[in-house]
Each structure stands twice: as C-alpha cells, then as structure tokens.
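Trainee: Provided herewith: structure.pdb, PDB, C-alpha atoms.
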```
MODEL        1
ATOM      1  CA  MET A   1      -4.977  28.637  -8.305  1.00  0.00           C
ATOM      2  CA  ALA A   2      -7.703  26.549  -9.961  1.00  0.00           C
ATOM      3  CA  GLU A   3     -11.333  27.539  -9.910  1.00  0.00           C
ATOM      4  CA  ARG A   4     -13.603  26.090  -7.228  1.00  0.00           C
ATOM      5  CA  SER A   5     -15.521  24.074  -9.844  1.00  0.00           C
ATOM      6  CA  GLN A   6     -12.281  22.287 -10.768  1.00  0.00           C
ATOM      7  CA  TYR A   7     -11.735  21.293  -7.135  1.00  0.00           C
ATOM      8  CA  GLU A   8     -15.323  20.077  -6.946  1.00  0.00           C
ATOM      9  CA  GLU A   9     -14.802  17.940 -10.056  1.00  0.00           C
ATOM     10  CA  LEU A  10     -11.543  16.621  -8.626  1.00  0.00           C
ATOM     11  CA  ALA A  11     -13.397  15.617  -5.452  1.00  0.00           C
ATOM     12  CA  ARG A  12     -16.030  13.779  -7.546  1.00  0.00           C
ATOM     13  CA  GLN A  13     -13.377  11.965  -9.549  1.00  0.00           C
ATOM     14  CA  LEU A  14     -11.484  10.916  -6.430  1.00  0.00           C
ATOM     15  CA  SER A  15     -14.711   9.686  -4.834  1.00  0.00           C
ATOM     16  CA  ALA A  16     -15.319   7.521  -7.902  1.00  0.00           C
ATOM     17  CA  ILE A  17     -11.833   6.003  -7.662  1.00  0.00           C
ATOM     18  CA  GLY A  18     -13.396   3.134  -5.710  1.00  0.00           C
ATOM     19  CA  ALA A  19     -13.873   1.268  -9.003  1.00  0.00           C
ATOM     20  CA  VAL A  20     -10.123   1.441  -9.614  1.00  0.00           C
ATOM     21  CA  LYS A  21      -9.401   0.254  -6.079  1.00  0.00           C
ATOM     22  CA  ARG A  22     -11.810  -2.673  -6.512  1.00  0.00           C
ATOM     23  CA  GLY A  23     -10.036  -3.600  -9.744  1.00  0.00           C
ATOM     24  CA  LEU A  24      -6.703  -3.500  -7.964  1.00  0.00           C
ATOM     25  CA  SER A  25      -8.079  -5.704  -5.182  1.00  0.00           C
ATOM     26  CA  ARG A  26      -9.232  -8.273  -7.733  1.00  0.00           C
ATOM     27  CA  ALA A  27      -5.646  -8.517  -8.983  1.00  0.00           C
ATOM     28  CA  LEU A  28      -4.516  -9.699  -5.538  1.00  0.00           C
ATOM     29  CA  PRO A  29      -4.455 -13.403  -4.670  1.00  0.00           C
ATOM     30  CA  SER A  30      -7.160 -14.374  -2.176  1.00  0.00           C
ATOM     31  CA  GLU A  31      -4.560 -15.289   0.450  1.00  0.00           C
ATOM     32  CA  CYS A  32      -3.107 -11.774   0.365  1.00  0.00           C
ATOM     33  CA  PRO A  33      -5.822  -9.126   0.756  1.00  0.00           C
ATOM     34  CA  GLY A  34      -5.078  -5.407   0.612  1.00  0.00           C
ATOM     35  CA  GLY A  35      -4.184  -4.954   4.263  1.00  0.00           C
ATOM     36  CA  SER A  36      -1.685  -7.798   4.106  1.00  0.00           C
ATOM     37  CA  ALA A  37      -0.170  -6.403   0.921  1.00  0.00           C
ATOM     38  CA  ALA A  38       0.189  -3.009   2.607  1.00  0.00           C
ATOM     39  CA  VAL A  39       2.047  -4.588   5.554  1.00  0.00           C
ATOM     40  CA  LEU A  40       4.478  -6.323   3.208  1.00  0.00           C
ATOM     41  CA  SER A  41       4.980  -3.186   1.156  1.00  0.00           C
ATOM     42  CA  LEU A  42       5.674  -0.993   4.166  1.00  0.00           C
ATOM     43  CA  LEU A  43       8.160  -3.446   5.652  1.00  0.00           C
ATOM     44  CA  ALA A  44       9.938  -3.719   2.304  1.00  0.00           C
ATOM     45  CA  HIS A  45      10.116   0.060   1.969  1.00  0.00           C
ATOM     46  CA  HIS A  46      10.870   1.096   5.561  1.00  0.00           C
ATOM     47  CA  GLY A  47      12.636  -2.011   6.895  1.00  0.00           C
ATOM     48  CA  ASP A  48      12.149  -3.670  10.263  1.00  0.00           C
ATOM     49  CA  MET A  49       9.817  -1.854  12.633  1.00  0.00           C
ATOM     50  CA  ARG A  50       7.625  -2.131  15.700  1.00  0.00           C
ATOM     51  CA  MET A  51       3.933  -2.723  15.325  1.00  0.00           C
ATOM     52  CA  SER A  52       3.176   0.779  16.632  1.00  0.00           C
ATOM     53  CA  ARG A  53       5.147   2.308  13.751  1.00  0.00           C
ATOM     54  CA  LEU A  54       3.380   0.031  11.273  1.00  0.00           C
ATOM     55  CA  ALA A  55      -0.011   1.117  12.633  1.00  0.00           C
ATOM     56  CA  GLU A  56       1.054   4.727  12.195  1.00  0.00           C
ATOM     57  CA  LEU A  57       2.108   4.145   8.586  1.00  0.00           C
ATOM     58  CA  LEU A  58      -1.073   2.205   7.826  1.00  0.00           C
ATOM     59  CA  ALA A  59      -3.102   4.972   9.482  1.00  0.00           C
ATOM     60  CA  VAL A  60      -5.238   2.412  11.330  1.00  0.00           C
ATOM     61  CA  ASP A  61      -5.565   1.448  14.981  1.00  0.00           C
ATOM     62  CA  MET A  62      -3.516  -1.269  16.662  1.00  0.00           C
ATOM     63  CA  SER A  63      -6.311  -3.861  16.583  1.00  0.00           C
ATOM     64  CA  VAL A  64      -6.550  -3.646  12.784  1.00  0.00           C
ATOM     65  CA  THR A  65      -2.765  -3.711  12.490  1.00  0.00           C
ATOM     66  CA  SER A  66      -2.626  -6.764  14.754  1.00  0.00           C
ATOM     67  CA  ARG A  67      -5.033  -8.661  12.506  1.00  0.00           C
ATOM     68  CA  HIS A  68      -3.015  -7.825   9.397  1.00  0.00           C
ATOM     69  CA  VAL A  69       0.239  -8.800  11.111  1.00  0.00           C
ATOM     70  CA  ALA A  70      -1.224 -12.094  12.373  1.00  0.00           C
ATOM     71  CA  HIS A  71      -2.401 -12.931   8.864  1.00  0.00           C
ATOM     72  CA  VAL A  72       0.983 -12.365   7.211  1.00  0.00           C
ATOM     73  CA  ALA A  73       2.909 -13.985  10.072  1.00  0.00           C
ATOM     74  CA  GLU A  74       0.765 -17.147   9.836  1.00  0.00           C
ATOM     75  CA  ARG A  75       1.779 -17.446   6.193  1.00  0.00           C
ATOM     76  CA  GLY A  76       5.470 -16.991   6.960  1.00  0.00           C
ATOM     77  CA  TRP A  77       5.695 -13.673   5.098  1.00  0.00           C
ATOM     78  CA  ILE A  78       6.992 -11.793   8.133  1.00  0.00           C
ATOM     79  CA  GLU A  79       8.638 -12.738  11.378  1.00  0.00           C
ATOM     80  CA  ARG A  80       8.138 -11.189  14.801  1.00  0.00           C
ATOM     81  CA  LEU A  81      11.420 -10.875  16.636  1.00  0.00           C
ATOM     82  CA  PRO A  82      12.097  -9.700  20.201  1.00  0.00           C
ATOM     83  CA  ASP A  83      12.969  -6.008  20.341  1.00  0.00           C
ATOM     84  CA  PRO A  84      16.463  -5.762  21.853  1.00  0.00           C
ATOM     85  CA  ASP A  85      15.552  -2.398  23.395  1.00  0.00           C
ATOM     86  CA  ASP A  86      12.260  -3.568  24.938  1.00  0.00           C
ATOM     87  CA  ARG A  87      11.690  -7.292  25.413  1.00  0.00           C
ATOM     88  CA  ARG A  88       7.922  -6.694  25.678  1.00  0.00           C
ATOM     89  CA  SER A  89       7.820  -5.409  22.108  1.00  0.00           C
ATOM     90  CA  ARG A  90       8.346  -7.201  18.830  1.00  0.00           C
ATOM     91  CA  ILE A  91      10.162  -6.105  15.697  1.00  0.00           C
ATOM     92  CA  LEU A  92       8.481  -7.052  12.443  1.00  0.00           C
ATOM     93  CA  ARG A  93      10.695  -8.209   9.585  1.00  0.00           C
ATOM     94  CA  LEU A  94       9.872  -9.219   6.026  1.00  0.00           C
ATOM     95  CA  THR A  95      10.950 -12.792   5.229  1.00  0.00           C
ATOM     96  CA  PRO A  96      12.202 -14.061   1.859  1.00  0.00           C
ATOM     97  CA  ALA A  97       8.754 -15.662   1.373  1.00  0.00           C
ATOM     98  CA  GLY A  98       7.197 -12.264   2.068  1.00  0.00           C
ATOM     99  CA  GLN A  99       9.462 -10.637  -0.504  1.00  0.00           C
ATOM    100  CA  ASP A 100       8.454 -13.333  -3.003  1.00  0.00           C
ATOM    101  CA  MET A 101       4.774 -12.569  -2.351  1.00  0.00           C
ATOM    102  CA  LEU A 102       5.436  -8.850  -2.722  1.00  0.00           C
ATOM    103  CA  ASP A 103       7.224  -9.476  -6.025  1.00  0.00           C
ATOM    104  CA  ASP A 104       4.232 -11.530  -7.210  1.00  0.00           C
ATOM    105  CA  LEU A 105       1.870  -8.718  -6.197  1.00  0.00           C
ATOM    106  CA  GLY A 106       3.961  -6.247  -8.178  1.00  0.00           C
ATOM    107  CA  ARG A 107       3.819  -8.465 -11.266  1.00  0.00           C
ATOM    108  CA  ARG A 108       0.062  -8.941 -10.941  1.00  0.00           C
ATOM    109  CA  THR A 109      -0.501  -5.222 -10.547  1.00  0.00           C
ATOM    110  CA  ALA A 110       1.700  -4.307 -13.481  1.00  0.00           C
ATOM    111  CA  ASP A 111      -0.040  -6.914 -15.649  1.00  0.00           C
ATOM    112  CA  MET A 112      -3.461  -5.602 -14.634  1.00  0.00           C
ATOM    113  CA  PHE A 113      -2.502  -2.018 -15.455  1.00  0.00           C
ATOM    114  CA  ALA A 114      -0.956  -3.106 -18.768  1.00  0.00           C
ATOM    115  CA  ARG A 115      -4.230  -4.796 -19.759  1.00  0.00           C
ATOM    116  CA  THR A 116      -6.508  -2.044 -18.482  1.00  0.00           C
ATOM    117  CA  LEU A 117      -4.503   0.893 -19.833  1.00  0.00           C
ATOM    118  CA  LYS A 118      -3.362  -0.714 -23.092  1.00  0.00           C
ATOM    119  CA  ASP A 119      -4.836   2.179 -25.112  1.00  0.00           C
ATOM    120  CA  TRP A 120      -3.005   4.822 -23.017  1.00  0.00           C
ATOM    121  CA  SER A 121       0.244   6.301 -24.290  1.00  0.00           C
ATOM    122  CA  ASP A 122       3.431   6.045 -22.258  1.00  0.00           C
ATOM    123  CA  ASP A 123       3.239   9.821 -21.812  1.00  0.00           C
ATOM    124  CA  ASP A 124      -0.308   9.590 -20.397  1.00  0.00           C
ATOM    125  CA  VAL A 125       0.682   6.883 -17.914  1.00  0.00           C
ATOM    126  CA  GLY A 126       3.760   8.874 -16.897  1.00  0.00           C
ATOM    127  CA  ARG A 127       1.764  12.068 -16.499  1.00  0.00           C
ATOM    128  CA  LEU A 128      -0.877  10.338 -14.335  1.00  0.00           C
ATOM    129  CA  THR A 129       1.809   8.749 -12.185  1.00  0.00           C
ATOM    130  CA  ALA A 130       3.587  12.071 -11.679  1.00  0.00           C
ATOM    131  CA  LEU A 131       0.369  13.918 -10.869  1.00  0.00           C
ATOM    132  CA  LEU A 132      -0.788  11.260  -8.389  1.00  0.00           C
ATOM    133  CA  ALA A 133       2.599  11.403  -6.656  1.00  0.00           C
ATOM    134  CA  ARG A 134       2.353  15.181  -6.520  1.00  0.00           C
ATOM    135  CA  LEU A 135      -1.177  14.984  -5.083  1.00  0.00           C
ATOM    136  CA  ARG A 136      -0.049  12.491  -2.444  1.00  0.00           C
ATOM    137  CA  ASP A 137       2.933  14.680  -1.534  1.00  0.00           C
ATOM    138  CA  SER A 138       0.651  17.701  -1.161  1.00  0.00           C
ATOM    139  CA  PHE A 139      -1.174  15.842   1.601  1.00  0.00           C
ATOM    140  CA  GLY A 140       1.990  15.105   3.568  1.00  0.00           C
ATOM    141  CA  ASP A 141       3.976  12.004   4.420  1.00  0.00           C
ATOM    142  CA  CYS A 142       1.300   9.825   6.043  1.00  0.00           C
ATOM    143  CA  ARG A 143       1.335   6.545   4.094  1.00  0.00           C
ATOM    144  CA  ALA A 144       3.273   8.320   1.354  1.00  0.00           C
ATOM    145  CA  HIS A 145       5.439   5.344   0.571  1.00  0.00           C
ATOM    146  CA  ALA A 146       2.893   2.582   0.898  1.00  0.00           C
ATOM    147  CA  THR A 147       2.362   2.457  -2.817  1.00  0.00           C
ATOM    148  CA  ARG A 148       4.752  -0.195  -4.002  1.00  0.00           C
ATOM    149  CA  THR A 149       1.773  -2.527  -4.450  1.00  0.00           C
ATOM    150  CA  PRO A 150      -1.792  -1.736  -5.325  1.00  0.00           C
ATOM    151  CA  ALA A 151      -3.023  -2.571  -1.918  1.00  0.00           C
ATOM    152  CA  SER A 152      -2.015   0.234   0.300  1.00  0.00           C
ATOM    153  CA  THR A 153      -5.498   0.460   1.641  1.00  0.00           C
ATOM    154  CA  THR A 154      -6.843  -1.566   4.474  1.00  0.00           C
TER     155      THR A 154
ENDMDL
END
```
What does this structure look like when you write it as structure tokens?
Mentor:
Amino acid sequence: MAERSQYEELARQLSAIGAVKRGLSRALPSECPGGSAAVLSLLAHHGDMRMSRLAELLAVDMSVTSRHVAHVAERGWIERLPDPDDRRSRILRLTPAGQDMLDDLGRRTADMFARTLKDWSDDDVGRLTALLARLRDSFGDCRAHATRTPASTT
C-alpha cells in the first residue's frame, strides 16, 4: 500500500486534471459539447437504451439527460423510438449521422493527443492509458465505458 502522502499527491494531480478536460473540450466541435458526445459514446458502446438507463450511465439526473438527448436528437444523431414493452417510454438509438459525428470526435481527440503528447514515448502513453483504466476500474462500473470520446463528462 502506498504512503498517505502519495495519495494526497494523487488527489492534487486529479484535481488539476481540469486543464486536460478543458483541452479535450476545445477539441470538440461547437455543435457537439461534452454531454452530447457522452450520449453518442454511450449509445455506441451499450446499444439502444431507455433514457433512464442513459441517465444512470451519465450519472446525472433525468432533466440533464433530457437536455442532452434533445440536443442530439435535434441534430439527427439519435432517434427516439417507441419502447415495445412500454409505449410511454422511448428507446434511444444512435443514427448513422450520430456514428459519423462520433467517428469525427474520435479523430479530433486522437489528433489533439498526438499534438499535445508528441514528446511522449509509445510506452509512456500506453502506461498512462493502462493506469487510468485501472484507476477507473477500481472505482467500479459507473460510467466505466463512457470513454470512447474525450467528452464523457457533462
């Protein structure tokens, strides 16, 4: 087990990660903010789902989820279909246009990381990726697979 001072330094470093998150947000097109990107990413990873499940995966309340869903639906990136098991509910589905946007987000993110980390070795990038995945897994499954794009925050 690490010493307490190491955990304190880890906490400081994670608190300062806001600069990285802001950089990631700048890589996104203005029409697809972070919350929208997270919706697309989750639908691509988990498949069709109800809005309640999406809210759970986003770890936000239904009103926030509703705003994100409205935004992506207005742009044709998802469709809201009647739930065959409960006509009052809707099933959210990623459209081909939504997949295209998600692909663009992935390219933008990869390009941004390539520019920003150009002086990092492949081993360093791989080690960071593995350690971040391990850290995320240590905290459980909540939002664990929302990381296909940079914008898994809301």
Trainee: I'd like to know which of A:Arg50, A:Gln13, A:Gly126, A:Gly34 is closest to A:Pro84, using only C-alpha atoms.
Mentor: A:Arg50
Trainee: Go through A:Pro82, A:Gly47, A:Gly35, A:Gly106 and flag the residue nearest A:Ala70, using all atoms listed in the file for the distances.
Mentor: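 Using all atoms listed in the file, A:Ala70 sits closest to A:Gly35.
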Trainee: Could you tell me which of A:Ser15, A:Ser5, A:Thr95, A:Ser41 comes closest to A:Glu74 if we count only C-alpha atoms?
Mentor: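 Checking each candidate against A:Glu74, we get A:Thr95 as the closest.
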Trainee: Check the smallest atom-to-atom distance from each of A:Pro29, A:Asp119, A:Leu58, A:Met1 to A:Arg107 using all atoms listed in the file, then report the winner.
Mentor: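 Residue with the minimum atom-to-atom distance to A:Arg107: A:Pro29.
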Trainee: Tell me which of A:Leu28, A:Arg4, A:Ser89, A:Asp61 sits closest to A:Ala110, counting all atoms listed in the file.
Mentor: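 The answer is A:Leu28, which sits nearest to A:Ala110.
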Trainee: May I ask which of the residues A:Leu94, A:Ala59, A:Leu135, A:Leu117 is the closest one to A:Leu10, counting all atoms listed in the file?
Mentor: A:Leu135
Trainee: Mind pulling up the distance from atom CA of A:Asp83 to atom CA of A:Pro96?
Mentor: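 A separation of 20.2 Å between them.
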Trainee: Translate the PyMOL selection byres ((chain A and resi 100-104) around 9), as applied to the file shown, into an explicit residue set as a ChimeraX atom specification.
Mentor: /A:32,37,40-41,44,77,95-99,105-109,148-149
Trainee: If I take atom CA of A:Arg67 and atom CA of A:Met112, how far is one from the other in Å, to one decimal?
Mentor: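 Pair atom CA of A:Arg67 / atom CA of A:Met112 returns 27.4 Å.
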Trainee: Please measure the separation of atom CA of A:Met51 and atom CA of A:Glu31, giving the value in Å to one decimal.
Mentor: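 One can read the atom CA of A:Met51 to atom CA of A:Glu31 distance as 21.2 Å.
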Trainee: For the structure shown, which residues end up in the PyMOL selection byres ((chain A and resi 93) around 7)? Put them as a count of residues only, please?
Mentor: 9
